[in-house]
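See below for the structure under consideration.
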Amino acid sequence: MAEYNVDSEKLKKLEEYIDGLEEKEGALINILHEAQDIFGYLPKDVQLFIARKCDIPASKVFGVVTFYSYFTMEPQGKHVINICMGTACFVKGAEKILAEFKRLLDIKEGNMSKDGLFTINTLRCVGACGLAPVVMVDGKVYGRVKVEDVENIIKEYRK
Ligand code: FES
């Protein structure tokens with residue numbers, strides 16, 4: 001499996017999972033979920049491996065990965081910061097919150113910080129509009145976030 005530029009142990013684990021499936025093509029979503037669990041994200045070589053293993057075009061795999069926002073092709077930081085950009089949060093200044101996270105961590109949306117600790121993502125409405133603007137870090141919800149709070153939120157996860 002040396003032709004793939006990814007961790008061979010992890011690739012082996014994924015191969016075992018795929019080999020254990022009766023129907024491969026119809027299980028593409030499940031395979032991608034498993035692959036993302038194993039690798040933390042879906043790099044190009046993992047997608048190619050899945051395409052060859054399941055005998056489906058790489059373009060189809062790529063299409064599914066890019067269609068579902070759950071799947072990511074970027075390595076994820078230890079902590080994932082999700083900023084809600086739904087209407088209620090947007091109206092209450094979510095853009096400024098996002099800009100402050102980007103400024104303090106010196107990364108773009110979707111990217112991982114150099115220390116590997118953080119990734120910033122945005123979401124549509126997370127169903128907590130009464131708390132707008134809303135930020136979620138690893139599933140923990142922060143409501144009515146102000147620009148001044150951003151530094152303290154980051155500090156909580158730097159400890
Ligand atoms: S718009 Fe952000 S929680 Fe609804």
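Every chain in the structure tokens has a letter given in the order shown (A, B, ...), and although residue numbers restart at 1 in each chain, ligands are simply numbered from 1 in the order shown.
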
Step by step, measure atom-to-atom distances between ligand 1 and each residue using only C-alpha atoms and all ligand atoms, keep those at most 7 Å, then write them as a list in words.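 Going residue by residue within 7 Å of ligand 1, we get Cys84, Met85, Gly86, Thr87, Ala88, Cys89, Phe90, Arg124, Cys125, Val126, Gly127, Ala128, Cys129, Leu131, Ala132, Pro133 and Val134 of chain A.
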
Contacts of Lys78 of chain A at 10 Å or less, counting only C-alpha atoms, minus same-chain residues fewer than 3 places along, as a ChimeraX atom specification? /A:40,75,81,112-113,115-119,138,157

Apply DSSP to the backbone of this structure and, from segment 2-154 of chain A, keep only the residues in helix (DSSP H, G or I); write these as a PyMOL selection string. chain A and resi 8-19+25-39+44-54+58-67+87-91+94-105+129-131+147-154

Restricting it to C-alpha atoms, dump the selection as a short mmCIF file (atom, residue, chain, number, x, y, z; two decimals), in the first residue's frame.
```cif
data_model
loop_
_atom_site.label_atom_id
_atom_site.label_comp_id
_atom_site.auth_asym_id
_atom_site.auth_seq_id
_atom_site.Cartn_x
_atom_site.Cartn_y
_atom_site.Cartn_z
CA SER A 8 -0.38 2.40 6.31
CA GLU A 9 -1.71 1.03 9.63
CA LYS A 10 -4.78 3.20 9.34
CA LEU A 11 -5.20 2.23 5.70
CA LYS A 12 -5.07 -1.42 6.71
CA LYS A 13 -7.80 -0.83 9.26
CA LEU A 14 -9.94 0.80 6.59
CA GLU A 15 -9.25 -2.05 4.17
CA GLU A 16 -10.38 -4.60 6.75
CA TYR A 17 -13.58 -2.63 7.27
CA ILE A 18 -14.28 -2.51 3.52
CA ASP A 19 -13.41 -6.19 3.05
CA GLU A 25 -20.76 0.56 -3.70
CA GLY A 26 -24.03 1.06 -1.80
CA ALA A 27 -22.06 1.47 1.42
CA LEU A 28 -20.00 4.41 0.22
CA ILE A 29 -21.34 6.84 2.83
CA ASN A 30 -20.66 4.34 5.64
CA ILE A 31 -17.17 3.72 4.29
CA LEU A 32 -16.46 7.45 4.21
CA HIS A 33 -17.72 7.83 7.78
CA GLU A 34 -15.46 5.01 8.89
CA ALA A 35 -12.52 6.49 6.98
CA GLN A 36 -13.04 9.89 8.55
CA ASP A 37 -13.22 8.28 12.01
CA ILE A 38 -9.94 6.49 11.36
CA PHE A 39 -7.99 9.34 9.72
CA LYS A 44 -7.14 12.62 -1.55
CA ASP A 45 -5.21 9.36 -1.27
CA VAL A 46 -7.79 7.89 1.08
CA GLN A 47 -10.52 8.78 -1.41
CA LEU A 48 -8.54 7.15 -4.23
CA PHE A 49 -8.01 4.05 -2.14
CA ILE A 50 -11.74 3.79 -1.45
CA ALA A 51 -12.57 4.31 -5.13
CA ARG A 52 -10.22 1.52 -6.24
CA LYS A 53 -11.23 -0.82 -3.45
CA CYS A 54 -14.93 -0.40 -4.25
CA ALA A 58 -12.84 8.57 -7.94
CA SER A 59 -15.03 11.44 -9.15
CA LYS A 60 -18.04 9.84 -7.50
CA VAL A 61 -16.22 9.52 -4.16
CA PHE A 62 -15.03 13.11 -4.45
CA GLY A 63 -18.58 14.24 -5.30
CA VAL A 64 -20.00 12.65 -2.14
CA VAL A 65 -17.21 14.02 0.07
CA THR A 66 -17.74 17.57 -1.19
CA PHE A 67 -21.54 17.33 -1.10
CA THR A 87 -29.67 34.34 10.03
CA ALA A 88 -30.24 35.10 13.74
CA CYS A 89 -26.54 34.74 14.56
CA PHE A 90 -25.51 36.67 11.48
CA VAL A 91 -27.79 39.57 12.43
CA ALA A 94 -21.49 36.34 13.99
CA GLU A 95 -19.22 37.65 11.26
CA LYS A 96 -17.26 39.74 13.76
CA ILE A 97 -16.92 36.73 16.07
CA LEU A 98 -15.64 34.64 13.17
CA ALA A 99 -13.18 37.38 12.20
CA GLU A 100 -11.86 37.54 15.77
CA PHE A 101 -11.30 33.76 15.94
CA LYS A 102 -9.49 33.93 12.60
CA ARG A 103 -7.37 36.86 13.75
CA LEU A 104 -6.37 35.36 17.11
CA LEU A 105 -5.62 31.91 15.71
CA CYS A 129 -31.26 31.20 17.91
CA GLY A 130 -32.38 32.62 21.28
CA LEU A 131 -28.70 32.51 22.27
CA VAL A 147 -15.98 39.76 20.39
CA GLU A 148 -14.27 40.30 23.78
CA ASP A 149 -15.19 36.73 24.84
CA VAL A 150 -13.34 35.06 21.99
CA GLU A 151 -9.92 35.23 23.59
CA ASN A 152 -11.20 33.61 26.80
CA ILE A 153 -12.93 30.82 24.88
CA ILE A 154 -9.67 30.01 23.13
#
```

Kindly give the distance, in Å, that separates atom CA of Lys24 of chain A and atom CA of Tyr4 of chain A, rounded to a single decimal.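 Separation between atom CA of Lys24 of chain A and atom CA of Tyr4 of chain A: 20.3 Å.
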
Correct to one decimal, the distance atom CA of Met136 of chain A-atom CA of Tyr41 of chain A is 19.4 Å

Taking only chain A into account, list the residues labelled strand (DSSP E or B) by DSSP (computed from the backbone), as a list in words.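 Strand (DSSP E or B) assignments inside chain A correspond to His79, Val80, Ile81, Asn82, Ile83, Cys84, Met112, Phe118, Thr119, Ile120, Asn121, Thr122, Leu123, Val135, Met136, Val137, Lys140, Val141 and Tyr142 of chain A.
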
For the selection just defined, write its residues with all heavy atoms to a file, as a short mmCIF file (atom, residue, chain, number, x, y, z; two decimals), in the first residue's frame.
```cif
data_model
loop_
_atom_site.label_atom_id
_atom_site.label_comp_id
_atom_site.auth_asym_id
_atom_site.auth_seq_id
_atom_site.Cartn_x
_atom_site.Cartn_y
_atom_site.Cartn_z
N HIS A 79 -9.40 20.61 18.75
CA HIS A 79 -10.67 21.24 19.09
C HIS A 79 -11.27 21.90 17.86
O HIS A 79 -10.58 22.66 17.18
CB HIS A 79 -10.47 22.28 20.18
CG HIS A 79 -9.83 21.73 21.41
ND1 HIS A 79 -10.46 20.82 22.24
CD2 HIS A 79 -8.59 21.93 21.93
CE1 HIS A 79 -9.65 20.50 23.21
NE2 HIS A 79 -8.51 21.15 23.04
N VAL A 80 -12.52 21.60 17.60
CA VAL A 80 -13.17 22.20 16.43
C VAL A 80 -14.12 23.30 16.89
O VAL A 80 -15.04 23.06 17.68
CB VAL A 80 -13.91 21.12 15.62
CG1 VAL A 80 -14.60 21.76 14.42
CG2 VAL A 80 -12.93 20.05 15.16
N ILE A 81 -13.84 24.50 16.42
CA ILE A 81 -14.66 25.67 16.77
C ILE A 81 -15.67 25.87 15.64
O ILE A 81 -15.29 26.08 14.49
CB ILE A 81 -13.77 26.92 16.88
CG1 ILE A 81 -12.74 26.73 17.98
CG2 ILE A 81 -14.64 28.16 17.15
CD1 ILE A 81 -11.62 27.76 17.95
N ASN A 82 -16.94 25.77 15.98
CA ASN A 82 -17.99 25.97 14.98
C ASN A 82 -18.73 27.27 15.27
O ASN A 82 -19.26 27.45 16.37
CB ASN A 82 -18.99 24.81 15.01
CG ASN A 82 -18.46 23.61 14.27
OD1 ASN A 82 -18.15 23.70 13.08
ND2 ASN A 82 -18.34 22.49 14.96
N ILE A 83 -18.74 28.16 14.32
CA ILE A 83 -19.42 29.44 14.51
C ILE A 83 -20.69 29.42 13.67
O ILE A 83 -20.64 29.18 12.46
CB ILE A 83 -18.50 30.60 14.10
CG1 ILE A 83 -17.30 30.61 15.05
CG2 ILE A 83 -19.23 31.94 14.18
CD1 ILE A 83 -16.03 30.99 14.43
N CYS A 84 -21.82 29.65 14.33
CA CYS A 84 -23.09 29.63 13.60
C CYS A 84 -23.22 30.89 12.75
O CYS A 84 -23.05 32.00 13.25
CB CYS A 84 -24.26 29.53 14.58
SG CYS A 84 -25.84 29.53 13.72
N MET A 112 -6.54 24.32 10.01
CA MET A 112 -6.09 23.93 11.35
C MET A 112 -4.97 24.87 11.79
O MET A 112 -4.12 25.23 10.97
CB MET A 112 -5.58 22.49 11.28
CG MET A 112 -5.15 21.93 12.61
SD MET A 112 -4.73 20.18 12.46
CE MET A 112 -3.17 20.26 11.61
N PHE A 118 -6.54 23.80 16.98
CA PHE A 118 -7.86 24.31 16.59
C PHE A 118 -8.13 24.25 15.09
O PHE A 118 -7.22 24.44 14.28
CB PHE A 118 -7.99 25.79 17.01
CG PHE A 118 -7.89 26.02 18.48
CD1 PHE A 118 -6.70 26.49 19.03
CD2 PHE A 118 -8.96 25.77 19.31
CE1 PHE A 118 -6.60 26.70 20.41
CE2 PHE A 118 -8.87 25.98 20.68
CZ PHE A 118 -7.68 26.45 21.22
N THR A 119 -9.40 24.03 14.78
CA THR A 119 -9.91 24.24 13.42
C THR A 119 -11.13 25.13 13.54
O THR A 119 -11.92 24.97 14.48
CB THR A 119 -10.31 22.90 12.78
OG1 THR A 119 -9.16 22.11 12.58
CG2 THR A 119 -10.99 23.11 11.42
N ILE A 120 -11.27 26.05 12.62
CA ILE A 120 -12.47 26.90 12.63
C ILE A 120 -13.39 26.49 11.48
O ILE A 120 -12.96 26.40 10.34
CB ILE A 120 -12.11 28.39 12.40
CG1 ILE A 120 -11.15 28.90 13.48
CG2 ILE A 120 -13.37 29.25 12.37
CD1 ILE A 120 -10.71 30.35 13.25
N ASN A 121 -14.65 26.24 11.82
CA ASN A 121 -15.66 25.96 10.80
C ASN A 121 -16.88 26.85 11.03
O ASN A 121 -17.05 27.38 12.13
CB ASN A 121 -16.14 24.51 10.88
CG ASN A 121 -15.08 23.55 10.40
OD1 ASN A 121 -14.32 23.85 9.49
ND2 ASN A 121 -15.02 22.38 11.01
N THR A 122 -17.70 26.99 10.01
CA THR A 122 -18.97 27.69 10.21
C THR A 122 -20.11 26.73 9.95
O THR A 122 -19.95 25.74 9.24
CB THR A 122 -19.10 28.90 9.26
OG1 THR A 122 -18.91 28.45 7.93
CG2 THR A 122 -18.10 29.99 9.60
N LEU A 123 -21.24 27.01 10.57
CA LEU A 123 -22.43 26.16 10.43
C LEU A 123 -23.62 27.02 10.09
O LEU A 123 -23.62 28.22 10.35
CB LEU A 123 -22.74 25.49 11.78
CG LEU A 123 -21.76 24.51 12.38
CD1 LEU A 123 -22.22 24.18 13.79
CD2 LEU A 123 -21.70 23.25 11.54
N VAL A 135 -21.54 30.03 19.38
CA VAL A 135 -20.29 29.35 19.01
C VAL A 135 -20.31 27.99 19.69
O VAL A 135 -20.75 27.87 20.84
CB VAL A 135 -19.07 30.16 19.50
CG1 VAL A 135 -17.78 29.37 19.32
CG2 VAL A 135 -18.98 31.51 18.79
N MET A 136 -19.88 26.96 18.98
CA MET A 136 -19.76 25.64 19.61
C MET A 136 -18.32 25.18 19.51
O MET A 136 -17.71 25.27 18.45
CB MET A 136 -20.66 24.63 18.88
CG MET A 136 -22.12 24.77 19.28
SD MET A 136 -23.20 23.79 18.26
CE MET A 136 -22.55 22.17 18.48
N VAL A 137 -17.80 24.70 20.62
CA VAL A 137 -16.46 24.13 20.60
C VAL A 137 -16.57 22.69 21.07
O VAL A 137 -17.00 22.44 22.21
CB VAL A 137 -15.48 24.91 21.51
CG1 VAL A 137 -14.07 24.35 21.37
CG2 VAL A 137 -15.49 26.40 21.19
N LYS A 140 -19.66 21.89 22.92
CA LYS A 140 -20.08 22.77 24.02
C LYS A 140 -20.58 24.09 23.42
O LYS A 140 -19.91 24.68 22.57
CB LYS A 140 -18.91 23.02 24.96
CG LYS A 140 -19.27 23.93 26.12
CD LYS A 140 -18.14 24.04 27.14
CE LYS A 140 -18.48 25.10 28.18
NZ LYS A 140 -17.39 25.36 29.11
N VAL A 141 -21.77 24.53 23.90
CA VAL A 141 -22.39 25.71 23.30
C VAL A 141 -22.06 26.98 24.10
O VAL A 141 -22.19 27.00 25.32
CB VAL A 141 -23.93 25.52 23.25
CG1 VAL A 141 -24.62 26.77 22.72
CG2 VAL A 141 -24.28 24.31 22.39
N TYR A 142 -21.64 28.01 23.40
CA TYR A 142 -21.44 29.32 24.00
C TYR A 142 -22.46 30.26 23.36
O TYR A 142 -22.50 30.39 22.13
CB TYR A 142 -20.03 29.85 23.71
CG TYR A 142 -18.94 29.01 24.34
CD1 TYR A 142 -18.49 27.86 23.71
CD2 TYR A 142 -18.38 29.37 25.57
CE1 TYR A 142 -17.50 27.08 24.29
CE2 TYR A 142 -17.40 28.59 26.15
CZ TYR A 142 -16.96 27.45 25.50
OH TYR A 142 -15.98 26.67 26.08
#
```
